[in-house]
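The file structure.cif contains mmCIF, C-alpha atoms and all ligand atoms:
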```cif
data_model
#
loop_
_atom_site.label_atom_id
_atom_site.label_comp_id
_atom_site.auth_asym_id
_atom_site.auth_seq_id
_atom_site.Cartn_x
_atom_site.Cartn_y
_atom_site.Cartn_z
CA MET A 861 18.82 9.96 -11.22
CA ARG A 862 15.87 11.88 -12.64
CA ILE A 863 13.57 11.20 -15.56
CA ASP A 864 14.00 13.66 -18.38
CA LYS A 865 10.69 15.23 -19.41
CA LYS A 866 11.94 15.62 -22.98
CA GLN A 867 12.53 11.88 -23.17
CA ILE A 868 9.00 11.26 -21.89
CA ASP A 869 7.65 13.51 -24.61
CA GLN A 870 9.69 11.60 -27.17
CA HIS A 871 8.38 8.28 -25.87
CA ASN A 872 4.81 9.58 -25.94
CA SER A 873 5.08 10.81 -29.49
CA ASP A 874 6.42 7.36 -30.51
CA PHE A 875 3.40 5.69 -28.90
CA GLN A 876 0.81 8.37 -29.71
CA LYS A 877 -0.67 6.88 -32.88
CA VAL A 878 -1.42 3.47 -31.44
CA HIS A 879 -2.66 5.02 -28.22
CA GLN A 880 -5.03 7.40 -29.99
CA LYS A 881 -6.69 4.54 -31.83
CA ARG A 882 -7.22 2.60 -28.62
CA PHE A 883 -8.41 5.63 -26.71
CA ASP A 884 -10.91 6.61 -29.41
CA PHE A 885 -12.38 3.13 -29.24
CA ALA A 886 -12.56 3.17 -25.42
CA LYS A 887 -14.21 6.60 -25.55
CA SER A 888 -16.87 5.31 -27.93
CA GLU A 889 -17.62 2.36 -25.62
CA ILE A 890 -17.44 3.92 -22.18
CA PRO A 891 -19.66 6.67 -20.79
CA ASN A 892 -18.28 9.57 -18.71
CA VAL A 893 -14.69 9.07 -19.84
CA GLU A 894 -13.68 12.64 -18.92
CA LEU A 895 -14.93 12.21 -15.37
CA ILE A 896 -13.06 8.95 -15.00
CA ILE A 897 -9.86 10.48 -16.37
CA GLN A 898 -10.06 13.28 -13.83
CA LYS A 899 -10.51 10.82 -10.98
CA LEU A 900 -7.61 8.71 -12.23
CA MET A 901 -5.39 11.78 -12.39
CA ASP A 902 -6.24 12.62 -8.77
CA PHE A 903 -5.61 9.10 -7.52
CA ASN A 904 -2.24 8.25 -5.99
CA VAL A 905 -0.89 5.15 -4.32
CA ALA A 906 1.98 5.34 -1.84
CA ILE A 907 5.08 3.23 -2.29
CA PRO A 908 6.62 1.56 0.76
CA SER A 909 10.29 2.34 1.24
CA TRP A 910 10.97 -1.36 1.84
CA ALA A 911 9.68 -2.44 -1.57
CA LEU A 912 12.42 -0.78 -3.59
CA GLY A 913 15.04 -3.43 -3.06
CA THR A 914 14.97 -7.18 -3.35
CA GLY A 915 12.91 -8.62 -0.55
CA GLY A 916 13.76 -12.25 -0.95
CA THR A 917 12.22 -15.11 0.94
CA ARG A 918 13.29 -16.90 4.10
CA PHE A 919 15.30 -19.23 1.87
CA ALA A 920 17.25 -16.83 -0.29
CA ARG A 921 17.66 -13.31 -1.46
CA PHE A 922 18.76 -12.81 -5.03
CA SER A 923 19.92 -9.22 -4.97
CA GLY A 924 19.38 -7.02 -7.94
CA ALA A 925 21.93 -4.40 -8.85
CA GLY A 926 21.56 -0.66 -8.50
CA GLU A 927 19.33 -0.94 -5.45
CA PRO A 928 18.85 2.21 -3.39
CA GLY A 929 21.41 2.32 -0.60
CA ASN A 930 19.87 5.03 1.55
CA LEU A 931 16.66 6.99 2.14
CA GLU A 932 17.51 9.61 -0.48
CA GLN A 933 17.96 6.93 -3.15
CA LYS A 934 14.73 5.21 -2.13
CA MET A 935 12.97 8.54 -2.59
CA GLU A 936 14.63 8.96 -5.96
CA ASP A 937 13.30 5.55 -6.98
CA VAL A 938 9.77 6.58 -6.03
CA GLY A 939 10.41 9.82 -7.90
CA ILE A 940 11.17 7.76 -11.02
CA LEU A 941 7.93 5.82 -10.65
CA HIS A 942 5.96 9.00 -10.10
CA ALA A 943 7.53 10.78 -13.05
CA LEU A 944 6.53 7.83 -15.25
CA ASN A 945 2.97 7.25 -14.04
CA HIS A 946 2.04 10.35 -12.00
CA SER A 947 0.21 8.01 -9.63
CA SER A 948 2.93 7.23 -7.09
CA GLY A 949 3.33 10.59 -5.39
CA ALA A 950 3.98 9.35 -1.87
CA ILE A 951 6.44 7.23 0.09
CA SER A 952 5.82 5.37 3.31
CA LEU A 953 8.81 5.18 5.64
CA HIS A 954 9.75 2.38 7.99
CA ILE A 955 11.66 3.28 11.16
CA PRO A 956 14.46 2.56 12.05
CA TRP A 957 15.37 1.65 8.43
CA ASP A 958 14.63 5.16 7.17
CA ILE A 959 15.62 7.55 9.94
CA PRO A 960 16.39 10.87 8.21
CA SER A 961 19.70 12.41 9.13
CA ASN A 962 18.47 15.85 8.11
CA TYR A 963 14.74 16.52 8.04
CA GLY A 964 15.06 19.74 6.06
CA ALA A 965 17.12 18.13 3.30
CA ILE A 966 14.74 15.16 3.08
CA LYS A 967 11.73 17.47 2.90
CA ASN A 968 13.39 19.49 0.15
CA LEU A 969 14.13 16.35 -1.80
CA ALA A 970 10.51 15.23 -1.40
CA SER A 971 9.16 18.50 -2.73
CA ASP A 972 11.70 18.41 -5.53
CA LEU A 973 10.42 14.96 -6.54
CA ASN A 974 6.81 15.95 -5.92
CA LEU A 975 6.41 13.36 -3.17
CA LYS A 976 4.45 13.34 0.07
CA PHE A 977 5.12 11.31 3.18
CA ASP A 978 2.47 8.70 3.69
CA ALA A 979 1.95 6.74 6.92
CA MET A 980 4.99 6.06 9.09
CA ASN A 981 5.67 2.43 10.04
CA SER A 982 7.13 1.24 13.29
CA ASN A 983 9.15 -1.94 13.66
CA THR A 984 8.90 -4.07 16.76
CA PHE A 985 9.08 -7.32 14.83
CA GLN A 986 12.88 -7.34 14.76
CA ASP A 987 15.62 -6.66 17.27
CA GLN A 988 17.89 -3.84 16.22
CA LYS A 989 21.61 -3.64 16.85
CA GLY A 990 22.28 -2.39 20.36
CA GLN A 991 18.64 -2.71 21.40
CA ALA A 992 18.37 -3.32 25.14
CA LEU A 993 15.53 -5.87 25.23
CA SER A 994 14.39 -8.53 22.77
CA TYR A 995 11.06 -8.88 20.98
CA LYS A 996 11.48 -12.63 20.65
CA PHE A 997 8.28 -13.18 22.65
CA GLY A 998 6.43 -10.17 21.35
CA SER A 999 6.48 -6.43 21.83
CA LEU A 1000 3.28 -4.77 23.06
CA GLN A 1001 1.88 -8.10 24.25
CA ASN A 1002 5.02 -9.05 26.11
CA THR A 1003 4.72 -10.38 29.67
CA ASN A 1004 7.68 -8.15 30.58
CA LYS A 1005 6.60 -4.56 31.22
CA ALA A 1006 10.02 -3.13 30.33
CA ILE A 1007 9.82 -4.71 26.88
CA ARG A 1008 6.33 -3.29 26.38
CA LYS A 1009 7.63 0.11 27.41
CA GLN A 1010 10.50 -0.11 24.93
CA ALA A 1011 8.03 -0.89 22.12
CA ILE A 1012 5.74 1.98 23.14
CA GLU A 1013 8.65 4.40 23.19
CA HIS A 1014 9.76 3.24 19.75
CA ASN A 1015 6.31 3.96 18.32
CA ILE A 1016 6.30 7.41 19.91
CA GLU A 1017 9.71 8.06 18.37
CA VAL A 1018 8.29 7.05 14.97
CA ILE A 1019 5.48 9.57 15.39
CA LYS A 1020 8.07 12.26 16.14
CA HIS A 1021 9.99 11.52 12.94
CA GLY A 1022 6.71 11.63 11.04
CA VAL A 1023 5.73 14.98 12.54
CA GLU A 1024 9.03 16.45 11.34
CA LEU A 1025 8.35 15.22 7.80
CA GLY A 1026 4.68 16.15 7.60
CA SER A 1027 3.25 12.62 7.71
CA LYS A 1028 -0.20 12.28 9.26
CA ALA A 1029 -0.49 8.63 10.25
CA LEU A 1030 1.23 5.79 12.07
CA THR A 1031 0.78 2.21 10.92
CA VAL A 1032 1.31 -0.37 13.61
CA TRP A 1033 1.84 -3.92 12.45
CA LEU A 1034 2.70 -6.30 15.26
CA SER A 1035 4.17 -9.72 14.71
CA ASP A 1036 3.08 -10.55 18.28
CA GLY A 1037 1.41 -13.86 18.92
CA SER A 1038 2.34 -17.39 19.82
CA CYS A 1039 3.64 -20.47 18.07
CA PHE A 1040 2.28 -23.14 20.39
CA PRO A 1041 -0.89 -23.78 22.36
CA GLY A 1042 -0.51 -22.72 25.95
CA GLN A 1043 2.34 -20.32 25.22
CA LEU A 1044 0.21 -17.25 25.69
CA ASN A 1045 -2.74 -16.10 27.74
CA PHE A 1046 -4.86 -14.62 24.92
CA ARG A 1047 -6.74 -12.22 27.19
CA LYS A 1048 -3.63 -10.87 28.87
CA ALA A 1049 -1.85 -10.53 25.52
CA PHE A 1050 -4.81 -8.53 24.19
CA GLN A 1051 -4.97 -6.32 27.27
CA ASN A 1052 -1.24 -5.60 27.30
CA THR A 1053 -1.40 -4.75 23.60
CA LEU A 1054 -4.40 -2.51 24.10
CA GLU A 1055 -2.69 -0.65 26.95
CA GLY A 1056 0.39 -0.14 24.80
CA LEU A 1057 -1.66 1.10 21.89
CA GLN A 1058 -3.49 3.47 24.24
CA GLU A 1059 -0.21 5.04 25.29
CA ILE A 1060 0.84 5.38 21.65
CA TYR A 1061 -2.58 6.80 20.79
CA ALA A 1062 -2.18 9.42 23.52
CA ALA A 1063 1.02 10.59 21.80
CA LEU A 1064 -0.69 11.15 18.44
CA PRO A 1065 -0.97 14.77 17.32
CA ALA A 1066 -4.56 16.02 16.93
CA ASP A 1067 -4.58 15.65 13.13
CA TRP A 1068 -2.97 12.19 13.09
CA LYS A 1069 -4.48 8.74 12.71
CA VAL A 1070 -3.22 5.35 13.81
CA PHE A 1071 -3.79 2.33 11.55
CA VAL A 1072 -3.91 -1.06 13.24
CA GLU A 1073 -2.84 -3.67 10.69
CA TYR A 1074 -3.86 -7.28 11.22
CA LYS A 1075 -2.36 -10.49 9.91
CA ALA A 1076 -3.68 -14.05 10.18
CA PHE A 1077 -0.41 -15.88 10.67
CA GLU A 1078 3.36 -15.58 10.28
CA PRO A 1079 5.75 -15.14 11.96
CA ASN A 1080 3.61 -16.66 14.66
CA PHE A 1081 1.79 -19.80 13.59
CA TYR A 1082 -0.61 -20.64 16.41
CA SER A 1083 -2.07 -17.22 17.28
CA MET A 1084 -1.58 -13.62 16.26
CA THR A 1085 -2.51 -10.96 18.77
CA VAL A 1086 -3.91 -8.75 15.99
CA GLY A 1087 -4.93 -11.65 13.79
CA ASP A 1088 -7.97 -10.50 11.88
CA TRP A 1089 -10.21 -7.55 11.15
CA GLY A 1090 -12.39 -8.33 14.17
CA GLN A 1091 -9.47 -8.00 16.53
CA SER A 1092 -8.18 -4.90 14.76
CA LEU A 1093 -11.64 -3.34 14.93
CA LEU A 1094 -11.86 -4.15 18.65
CA TYR A 1095 -8.62 -2.27 19.27
CA ALA A 1096 -9.64 0.60 16.99
CA ASN A 1097 -13.02 0.98 18.67
CA LYS A 1098 -11.52 0.88 22.14
CA LEU A 1099 -8.79 3.36 21.21
CA GLY A 1100 -11.02 6.11 19.84
CA PRO A 1101 -11.83 8.21 16.78
CA LYS A 1102 -8.25 8.52 15.53
CA ALA A 1103 -7.78 4.74 15.34
CA PHE A 1104 -8.68 2.67 12.30
CA THR A 1105 -8.23 -0.73 10.74
CA LEU A 1106 -5.75 -1.29 7.92
CA VAL A 1107 -6.44 -4.05 5.42
CA ASP A 1108 -3.47 -5.77 3.78
CA LEU A 1109 -4.74 -8.06 1.03
CA GLY A 1110 -2.27 -10.81 1.93
CA HIS A 1111 -3.12 -10.98 5.61
CA HIS A 1112 -6.19 -13.22 5.58
CA LEU A 1113 -6.82 -16.92 5.85
CA PRO A 1114 -7.33 -18.51 2.41
CA ASN A 1115 -10.55 -17.61 0.58
CA ALA A 1116 -11.56 -14.87 3.02
CA ASN A 1117 -14.14 -12.54 1.50
CA ILE A 1118 -12.04 -9.38 1.64
CA GLU A 1119 -14.58 -7.30 -0.27
CA GLN A 1120 -17.17 -7.96 2.43
CA ILE A 1121 -14.69 -7.05 5.17
CA VAL A 1122 -13.97 -3.78 3.38
CA ALA A 1123 -17.66 -2.97 2.98
CA LEU A 1124 -18.39 -3.45 6.69
CA LEU A 1125 -15.31 -1.58 7.91
CA LEU A 1126 -16.30 1.35 5.69
CA MET A 1127 -19.84 1.21 7.05
CA GLU A 1128 -18.41 1.40 10.57
CA LYS A 1129 -16.20 4.37 9.56
CA LYS A 1130 -13.21 2.35 10.69
CA LEU A 1131 -11.43 1.61 7.43
CA ALA A 1132 -8.53 3.95 6.91
CA GLY A 1133 -5.72 2.27 5.11
CA PHE A 1134 -4.97 -0.28 2.47
CA HIS A 1135 -1.95 -2.38 1.60
CA PHE A 1136 -2.23 -3.79 -1.92
CA ASN A 1137 -0.50 -6.92 -3.07
CA ASP A 1138 -1.60 -10.31 -4.37
CA SER A 1139 -1.25 -13.84 -3.15
CA LYS A 1140 -1.98 -17.43 -3.93
CA TYR A 1141 -1.45 -18.89 -0.47
CA GLY A 1142 -0.60 -16.44 2.29
CA ASP A 1143 1.29 -13.20 2.72
CA ASP A 1144 2.96 -13.76 -0.64
CA ASP A 1145 3.39 -10.03 -1.33
CA LEU A 1146 3.16 -10.58 -5.09
CA THR A 1147 2.44 -7.98 -7.74
CA VAL A 1148 -1.05 -6.48 -7.35
CA GLY A 1149 -3.56 -8.13 -9.66
CA SER A 1150 -1.18 -10.87 -10.77
CA ILE A 1151 -3.12 -13.78 -9.27
CA LYS A 1152 -6.69 -12.67 -8.51
CA PRO A 1153 -7.57 -9.63 -10.60
CA TYR A 1154 -11.32 -10.25 -10.26
CA GLN A 1155 -11.03 -10.16 -6.48
CA LEU A 1156 -9.16 -6.86 -6.74
CA PHE A 1157 -11.98 -5.45 -8.86
CA LEU A 1158 -14.61 -6.69 -6.39
CA ILE A 1159 -12.72 -5.03 -3.55
CA PHE A 1160 -12.56 -1.75 -5.45
CA ASN A 1161 -16.21 -2.10 -6.28
CA GLU A 1162 -17.04 -2.20 -2.55
CA LEU A 1163 -14.59 0.59 -1.79
CA ILE A 1164 -16.15 2.94 -4.31
CA GLU A 1165 -19.71 1.97 -3.38
CA GLY A 1166 -18.99 2.46 0.32
CA MET A 1167 -17.00 5.67 -0.10
CA ASP A 1168 -19.66 7.19 -2.35
CA ALA A 1169 -22.38 6.23 0.15
CA ARG A 1170 -20.50 8.28 2.75
CA GLY A 1171 -19.54 11.12 0.42
CA MET A 1172 -15.83 10.36 0.79
CA ASN A 1173 -13.13 11.63 -1.53
CA HIS A 1174 -11.61 8.60 -3.30
CA ALA A 1175 -8.22 10.23 -3.65
CA THR A 1176 -7.71 11.54 -0.14
CA ASP A 1177 -10.00 9.89 2.39
CA LEU A 1178 -8.29 6.50 2.58
CA GLY A 1179 -4.58 5.71 2.79
CA TRP A 1180 -3.74 3.78 -0.40
CA MET A 1181 -0.49 1.91 -0.38
CA ILE A 1182 1.32 -1.03 -1.91
CA ASP A 1183 2.99 -3.54 0.38
CA ALA A 1184 4.92 -5.94 -1.79
CA SER A 1185 8.17 -7.79 -1.97
CA HIS A 1186 10.22 -8.84 -4.98
CA ASN A 1187 12.60 -11.68 -5.52
CA VAL A 1188 12.44 -12.49 -9.21
CA LYS A 1189 11.48 -9.13 -10.77
CA ASP A 1190 13.02 -5.70 -10.93
CA PRO A 1191 11.30 -3.93 -8.02
CA LEU A 1192 10.57 -0.80 -10.04
CA GLU A 1193 9.03 -2.72 -12.93
CA ASP A 1194 7.01 -4.74 -10.46
CA LEU A 1195 5.73 -1.58 -8.77
CA LEU A 1196 4.77 -0.09 -12.14
CA GLN A 1197 2.76 -3.24 -12.85
CA SER A 1198 1.10 -3.02 -9.43
CA ILE A 1199 0.08 0.61 -9.87
CA GLU A 1200 -1.34 -0.19 -13.30
CA ALA A 1201 -3.40 -3.05 -11.83
CA ILE A 1202 -4.75 -0.75 -9.12
CA MET A 1203 -5.68 1.94 -11.65
CA ILE A 1204 -7.45 -0.63 -13.84
CA SER A 1205 -9.54 -1.90 -10.93
CA TYR A 1206 -10.29 1.62 -9.74
CA ALA A 1207 -11.39 2.72 -13.22
CA GLN A 1208 -13.56 -0.37 -13.61
CA ALA A 1209 -15.17 0.17 -10.22
CA LEU A 1210 -16.03 3.72 -11.35
CA LEU A 1211 -17.71 2.20 -14.41
CA VAL A 1212 -20.11 -0.07 -12.52
CA ASN A 1213 -23.67 0.96 -13.21
CA ARG A 1214 -24.79 1.40 -9.59
CA THR A 1215 -28.40 2.20 -10.41
CA GLN A 1216 -28.81 -1.01 -12.36
CA LEU A 1217 -26.91 -3.01 -9.78
CA ASN A 1218 -29.18 -1.67 -7.02
CA ILE A 1219 -32.26 -2.62 -9.01
CA ALA A 1220 -30.89 -6.09 -9.65
CA GLN A 1221 -30.10 -6.49 -5.96
CA GLU A 1222 -33.52 -5.24 -4.82
CA ASN A 1223 -35.22 -7.66 -7.22
CA ASN A 1224 -32.98 -10.59 -6.30
CA ASP A 1225 -31.98 -10.73 -9.95
CA VAL A 1226 -28.80 -12.67 -9.41
CA VAL A 1227 -28.04 -13.13 -13.09
CA ALA A 1228 -28.35 -9.41 -13.85
CA ALA A 1229 -26.13 -8.52 -10.89
CA GLN A 1230 -23.43 -10.91 -12.07
CA GLU A 1231 -23.71 -9.64 -15.66
CA ILE A 1232 -23.24 -6.04 -14.52
CA LEU A 1233 -20.12 -6.81 -12.50
CA GLN A 1234 -18.53 -9.20 -14.95
CA SER A 1235 -19.14 -7.16 -18.07
CA THR A 1236 -17.58 -4.19 -16.29
CA PHE A 1237 -14.61 -6.29 -15.22
CA ARG A 1238 -14.15 -7.45 -18.80
CA THR A 1239 -14.09 -3.91 -20.17
CA ASP A 1240 -10.65 -2.89 -21.34
CA VAL A 1241 -9.89 0.44 -19.63
CA ARG A 1242 -6.15 0.51 -20.25
CA ALA A 1243 -6.31 3.24 -22.89
CA ILE A 1244 -8.21 5.48 -20.45
CA ILE A 1245 -5.54 4.99 -17.83
CA ALA A 1246 -2.83 5.73 -20.38
CA GLU A 1247 -4.69 8.88 -21.41
CA ALA A 1248 -4.88 10.03 -17.78
CA ARG A 1249 -1.17 9.41 -17.44
CA LEU A 1250 -0.44 11.29 -20.64
CA ARG A 1251 -2.47 14.32 -19.56
CA ALA A 1252 -0.74 14.33 -16.16
CA GLY A 1253 2.66 14.43 -17.88
CA GLY A 1254 3.62 10.78 -17.50
CA ALA A 1255 4.59 8.12 -20.00
CA LEU A 1256 2.06 6.28 -22.16
CA ASP A 1257 3.78 2.98 -21.44
CA PRO A 1258 5.90 3.26 -18.26
CA ILE A 1259 7.44 -0.22 -18.44
CA ALA A 1260 8.41 0.24 -22.09
CA TYR A 1261 9.93 3.60 -21.14
CA PHE A 1262 11.83 2.01 -18.23
CA ARG A 1263 13.29 -0.64 -20.53
CA GLN A 1264 13.94 1.42 -23.64
CA ASN A 1265 15.63 4.20 -21.71
CA LYS A 1266 17.64 1.70 -19.67
CA ILE A 1267 16.71 3.15 -16.30
CA ARG A 1268 18.00 0.23 -14.25
CA GLU A 1269 21.27 0.29 -16.18
CA ALA A 1270 21.64 3.97 -15.34
CA LEU A 1271 20.93 3.26 -11.68
CA ILE A 1272 23.55 0.50 -11.66
CA LYS A 1273 26.05 2.89 -13.17
CA GLU A 1274 25.26 5.43 -10.49
CA ARG A 1275 24.99 3.11 -7.49
CA GLY A 1276 27.01 0.06 -8.38
CA THR A 1277 26.11 -3.59 -8.25
CA SER A 1278 26.36 -4.32 -4.56
CA THR A 1279 24.10 -1.78 -2.83
CA ILE A 1280 21.50 -3.35 -0.62
CA ALA A 1281 18.28 -1.60 0.29
CA THR A 1282 17.45 -1.73 3.99
CA GLY A 1283 14.22 -3.50 4.67
CA LEU A 1284 13.05 -7.04 4.71
C1 LIG B 1 4.44 -6.99 6.97
C2 LIG B 1 3.20 -6.16 7.14
C3 LIG B 1 3.44 -4.74 7.51
C4 LIG B 1 4.87 -4.47 7.74
C5 LIG B 1 5.73 -4.99 6.65
C6 LIG B 1 7.14 -5.05 7.13
O1 LIG B 1 2.44 -6.26 6.00
O2 LIG B 1 2.90 -3.82 6.62
O3 LIG B 1 5.11 -3.12 7.94
O4 LIG B 1 5.38 -6.28 6.21
O5 LIG B 1 8.00 -4.52 6.24
O6 LIG B 1 4.10 -8.23 6.40
MN MN B 2 1.20 -4.67 5.10
MN MN B 3 2.48 -8.48 4.76
#
```

Could you show the structure in this file as structure tokens?
Ligand code: AFD
Ligand code: MN
Ligand code: MN
Amino acid sequence: MRIDKKQIDQHNSDFQKVHQKRFDFAKSEIPNVELIIQKLMDFNVAIPSWALGTGGTRFARFSGAGEPGNLEQKMEDVGILHALNHSSGAISLHIPWDIPSNYGAIKNLASDLNLKFDAMNSNTFQDQKGQALSYKFGSLQNTNKAIRKQAIEHNIEVIKHGVELGSKALTVWLSDGSCFPGQLNFRKAFQNTLEGLQEIYAALPADWKVFVEYKAFEPNFYSMTVGDWGQSLLYANKLGPKAFTLVDLGHHLPNANIEQIVALLLMEKKLAGFHFNDSKYGDDDLTVGSIKPYQLFLIFNELIEGMDARGMNHATDLGWMIDASHNVKDPLEDLLQSIEAIMISYAQALLVNRTQLNIAQENNDVVAAQEILQSTFRTDVRAIIAEARLRAGGALDPIAYFRQNKIREALIKERGTSTIATGL
């Protein structure tokens, strides 16, 4: 199903009066509004193909209805999000869940929906039907060379699918590790993994990057072979200039200072990708900004500071993506909320008075530094984001549009009540 532009215009005219009042106020309070609007309009966050259905937990999965049943329908879902907010113009595919049966048709659909293909994701954390060898004891780290080879070949196959579609990056997330002390020789596990990644790296086209994603724990609970940013950075540095670290907000031990990690990875020119989500305890994959919005702002503050220091383009020089899972919300509504939270934090980070913050830092004026960050964080930028969306052709209030125009109901009508999206 497609969003009707005329209906968006109708929605916008219904909301225009209230919006205008809010926007006029924001404009009077906030300097450089036009510049911020332009940056917001350029900024896009990719949607993972596995976040369009109900993820569930290890205890239960409460399926929604009208879930996308194939790659085309997943793309259509992202197309709906993008038509509503004009900030979700890319999809990230996971192989083998999303193997295209016809590259040309999939590329046509993408251009029809105004979507790009973000990083490709490999999957060596599950065994697939008919797969010769099991990843029960890891993939690239495995003590068995044939299993390592199988995992390497899978990653190379993922690159090939990505090349056909015009993607430019491979994200490798390994569930490798151990559950009990003594199970694994850490050094050998690292070296096997590095050798595997080197073979995958050698298969990357010249204009491709590989993102090495780390995760502190789960599914392995004693050690993870790519467990933190230090380990990821070690691999990335050893691999070469096309290898980078990917930060997923849910993949740290509790209370980790993610904003500091981001600042240092940027300084080292080794930060390339981002998976947004929120969490209270672990890899909870909750809606972005739903638990720790101040942390999200602080992360964006470091991202913008670090990117500006290196003259990077905010919109294109890092891979922005959501990595979330939904069990109690409609996935599309959840994703709209996540994108909104990201745009709010991005806009606020653009508002930080860097000159004053630098002065406060140089003078050890701790109070002034805190005032600058917190007063920016407490600035309501939602009308500016809505204005950017309006100018781009989107809806002033995407969630209201989604509900009032009964989008999920239409999807259920089209797809039925029992479709299940492939993914986790
Ligand atoms: C995992 C990781 C990684 C992976 C995804 C699996 O965050 O991004 O690709 O979830 O679907 O927790
Ligand atoms: Mn992730
Ligand atoms: Mn995760």

Check your understanding: Taking all atoms listed in the file into account, which residues are within 12 Å of ligand MN 3 (chain B), as a ChimeraX atom specification?
Key -> /A:908,910-911,915,1033-1035,1073-1079,1106-1112,1134-1139,1142-1146,1181-1185,1284

Check your understanding: For Met1172 (chain A), which of A:Leu1054, A:Gln898, A:Lys1129, A:Lys877 is the closest residue, counting only C-alpha atoms?
Key ->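 Among the listed residues, A:Lys1129 lies closest to Met1172 (chain A).
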
Review point. Any idea what the distance is between CA of Ser947 (chain A) and CA of Lys1020 (chain A)?
Key: 27.3 Å

Point to revise | Residue among A:Val1072, A:Ile1272, A:Ile966, A:Leu1131 lying closest to ligand MN 2 (chain B), counting all atoms listed in the file | key: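 Checking each of A:Val1072, A:Ile1272, A:Ile966, A:Leu1131 against ligand MN 2 (chain B), counting all atoms listed in the file, the winner is A:Val1072.
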
Exercise for review: Extract, using all atoms listed in the file, all DNA, RNA and protein residues at most 12 Å from Ser1205 (chain A), discarding same-chain residues fewer than 5 positions from it, and format them as a PyMOL selection string.
Suggested key: chain A and resi 900+1136+1148-1149+1152-1164+1198-1200+1210-1212+1233+1236-1242+1245

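Distances to Ala1201 (chain A) were evaluated for A:Leu912, A:Leu953, A:Val905, A:Ile896 using only C-alpha atoms, and the minimum falls at A:Val905.
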
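Every protein, DNA or RNA residue with an atom at most 12 Å from Asp987 (chain A), where all atoms listed in the file count and chain neighbours fewer than 2 positions away do not, is listed here: Pro956, Asn983, Thr984, Phe985, Lys989, Gly990, Gln991, Ala992, Leu993, Ser994, Tyr995, Lys996, Phe997, Gly998, Ser999, Ile1007, Gln1010, Ala1011 and His1014 of chain A.
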